[in-house]
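Input: a single structure, listed below in structure tokens.
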Amino acid sequence: MEFEEYVSARGQELVRLGFTVSGDYQRAEDLAQIALMQAFRSWRKVRKADDPHHYVRRILINEYLSMTRRRSFTEAPTAEIDPPHTVPDPATDIANSDDLWRALAELSARERVVLVLRYYQDLDDRTIADVLGIKPSSVRATASRALATLRKTRQTHHV
């Protein structure tokens with residue numbers, strides 16, 4: 001697969017993943033662009049991988065986690081810009097839910113990534129562990145803590 005074919009096939013999916021983990025369209029586009037730039041630089045290596053998309057997705061997630069540790073992560077745009085309209089994705093309606101965003105905001109970056117990869121990307125614990133460079137047991141523990149936080153948040157808001 002050539003790089004251009006990959007971008008055409010998976011580019012919007014990367015933006016959606018970036019949005020789902022970050023909650024911000026501009027940051028999602030930045031994350032996708034950074035991941036694609038890094039993949040392009042080493043495309044010969046990436047396309048030889050068993051699963052090139054897994055490789056690029058890992059770049060995006062690692063960049064997001066790095067971004068959350070940097071001071072510049074607290075930057076906020078001065079005006080809200082509507083995202084470009086593309087082919088409708090049913091998952092977008094779910095991901096855009098205000099309740100979901102408020103609940104996800106209570107989570108750490110790693111907890112949010114684990115839940116997004118598990119429930120939105122439908123990845124198994126071993127694959128999530130590989131993406132994050134941790135053990136599958138750490139994925140399960142992180143998911144458990146995140147779900148407990150979400151349950152607690154939901155109880156607090158619905159009382």
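Identifiers in this document derive from the order of the structure tokens: chains are assigned A, B, ..., residues are numbered from 1 separately in each chain, and ligands are numbered from 1 in order of occurrence.
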If you count only C-alpha atoms, which residues fall within 10 Å of His53 (chain A), apart from same-chain ones fewer than 6 positions away, as an NGL selection string? :A and (6 or 10 or 14 or 39 or 46-47 or 59)
Which polymer residues have any atom within 7 Å of an atom of Glu111 (chain A), counting only C-alpha atoms, with same-chain residues fewer than 5 positions away left out, as JSON, numbers by chain? {"A": [142, 143, 146]}
Restrict the selected residues to C-alpha atoms and save them as a CSV table (one decimal), in the first residue's frame.
chain,number,residue,atom,x,y,z
A,142,THR,CA,-6.6,1.1,34.1
A,143,ALA,CA,-9.9,0.3,32.5
A,146,ALA,CA,-11.6,4.5,34.7
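Closest approach to Leu60 (chain A) among A:Arg16, A:Arg102, A:Lys135, A:Arg41: A:Arg16, based on only C-alpha atoms.
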Pick out the closest residue to Ser108 (chain A) from this set: A:Leu65, A:Val56, A:Ile128, A:Ile134. Count only C-alpha atoms.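 Answer, going by the shortest atom-to-atom distance: A:Leu65.
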Which of these, A:Ala141, A:Ala32, A:Ala103, A:Gly11, has the shortest distance to Gln155 (chain A) once you count only C-alpha atoms?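 So, comparing all the options, the nearest one is A:Ala103.
Minimum atom-to-atom distances from A:Asp51, A:Glu2, A:Asp99, A:Asp30 to Glu63 (chain A) were compared using only C-alpha atoms, and the lowest value belongs to A:Asp30.
Between CA of Leu17 (chain A) and CA of Leu36 (chain A) lies a distance of 13.1 Å.
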Can you tell me, as a VMD selection string, which residues in region 6-150 of chain A count as alpha helix (DSSP H) by DSSP? chain A and resid 6 to 22 25 to 41 43 to 48 52 to 69 90 to 95 98 to 105 109 to 115 125 to 132 136 to 150
In Å, with one decimal, what is the gap from CA of Pro52 (chain A) to CA of Tyr64 (chain A)? 18.7 Å
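Considering only C-alpha atoms, the residue among A:Thr20, A:Arg118, A:Lys45, A:Arg27 positioned nearest to Ala105 (chain A) is A:Thr20.
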Excluding same-chain residues fewer than 3 positions from Tyr119 (chain A), what lies within 12 Å of it counting only C-alpha atoms, as number ranges by chain? A: 17, 20-21, 91, 94-95, 112-116, 122-125, 128, 143, 147
Output C-alpha atoms for every residue in the selection just made, as an mmCIF file, in the first residue's frame.
data_model
loop_
_atom_site.group_PDB
_atom_site.id
_atom_site.type_symbol
_atom_site.label_atom_id
_atom_site.label_comp_id
_atom_site.auth_asym_id
_atom_site.auth_seq_id
_atom_site.Cartn_x
_atom_site.Cartn_y
_atom_site.Cartn_z
ATOM 1 C CA LEU A 17 -9.612 8.726 17.033
ATOM 2 C CA THR A 20 -12.312 10.825 20.724
ATOM 3 C CA VAL A 21 -9.228 10.848 22.936
ATOM 4 C CA ALA A 91 -20.206 6.661 16.402
ATOM 5 C CA ILE A 94 -22.311 8.849 20.646
ATOM 6 C CA ALA A 95 -18.876 10.443 20.977
ATOM 7 C CA ARG A 112 -9.324 7.930 28.545
ATOM 8 C CA VAL A 113 -7.065 6.333 25.912
ATOM 9 C CA VAL A 114 -7.635 2.846 27.321
ATOM 10 C CA LEU A 115 -11.422 3.242 27.229
ATOM 11 C CA VAL A 116 -11.404 4.777 23.756
ATOM 12 C CA ASP A 122 -12.837 -2.303 19.767
ATOM 13 C CA LEU A 123 -9.275 -3.424 20.506
ATOM 14 C CA ASP A 124 -8.423 -6.256 22.853
ATOM 15 C CA ASP A 125 -6.290 -5.747 25.970
ATOM 16 C CA ILE A 128 -4.047 -1.845 23.710
ATOM 17 C CA ALA A 143 -9.904 0.275 32.503
ATOM 18 C CA LEU A 147 -14.982 2.673 34.696
#
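With only C-alpha atoms as the basis for measurement, A:Gly18 is the residue among A:Gly18, A:Lys152, A:Arg140, A:Ala129 that approaches Ile61 (chain A) most closely.
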So what do you get for CA of Met37 (chain A) versus CA of Asp50 (chain A), distance-wise? 19.8 Å
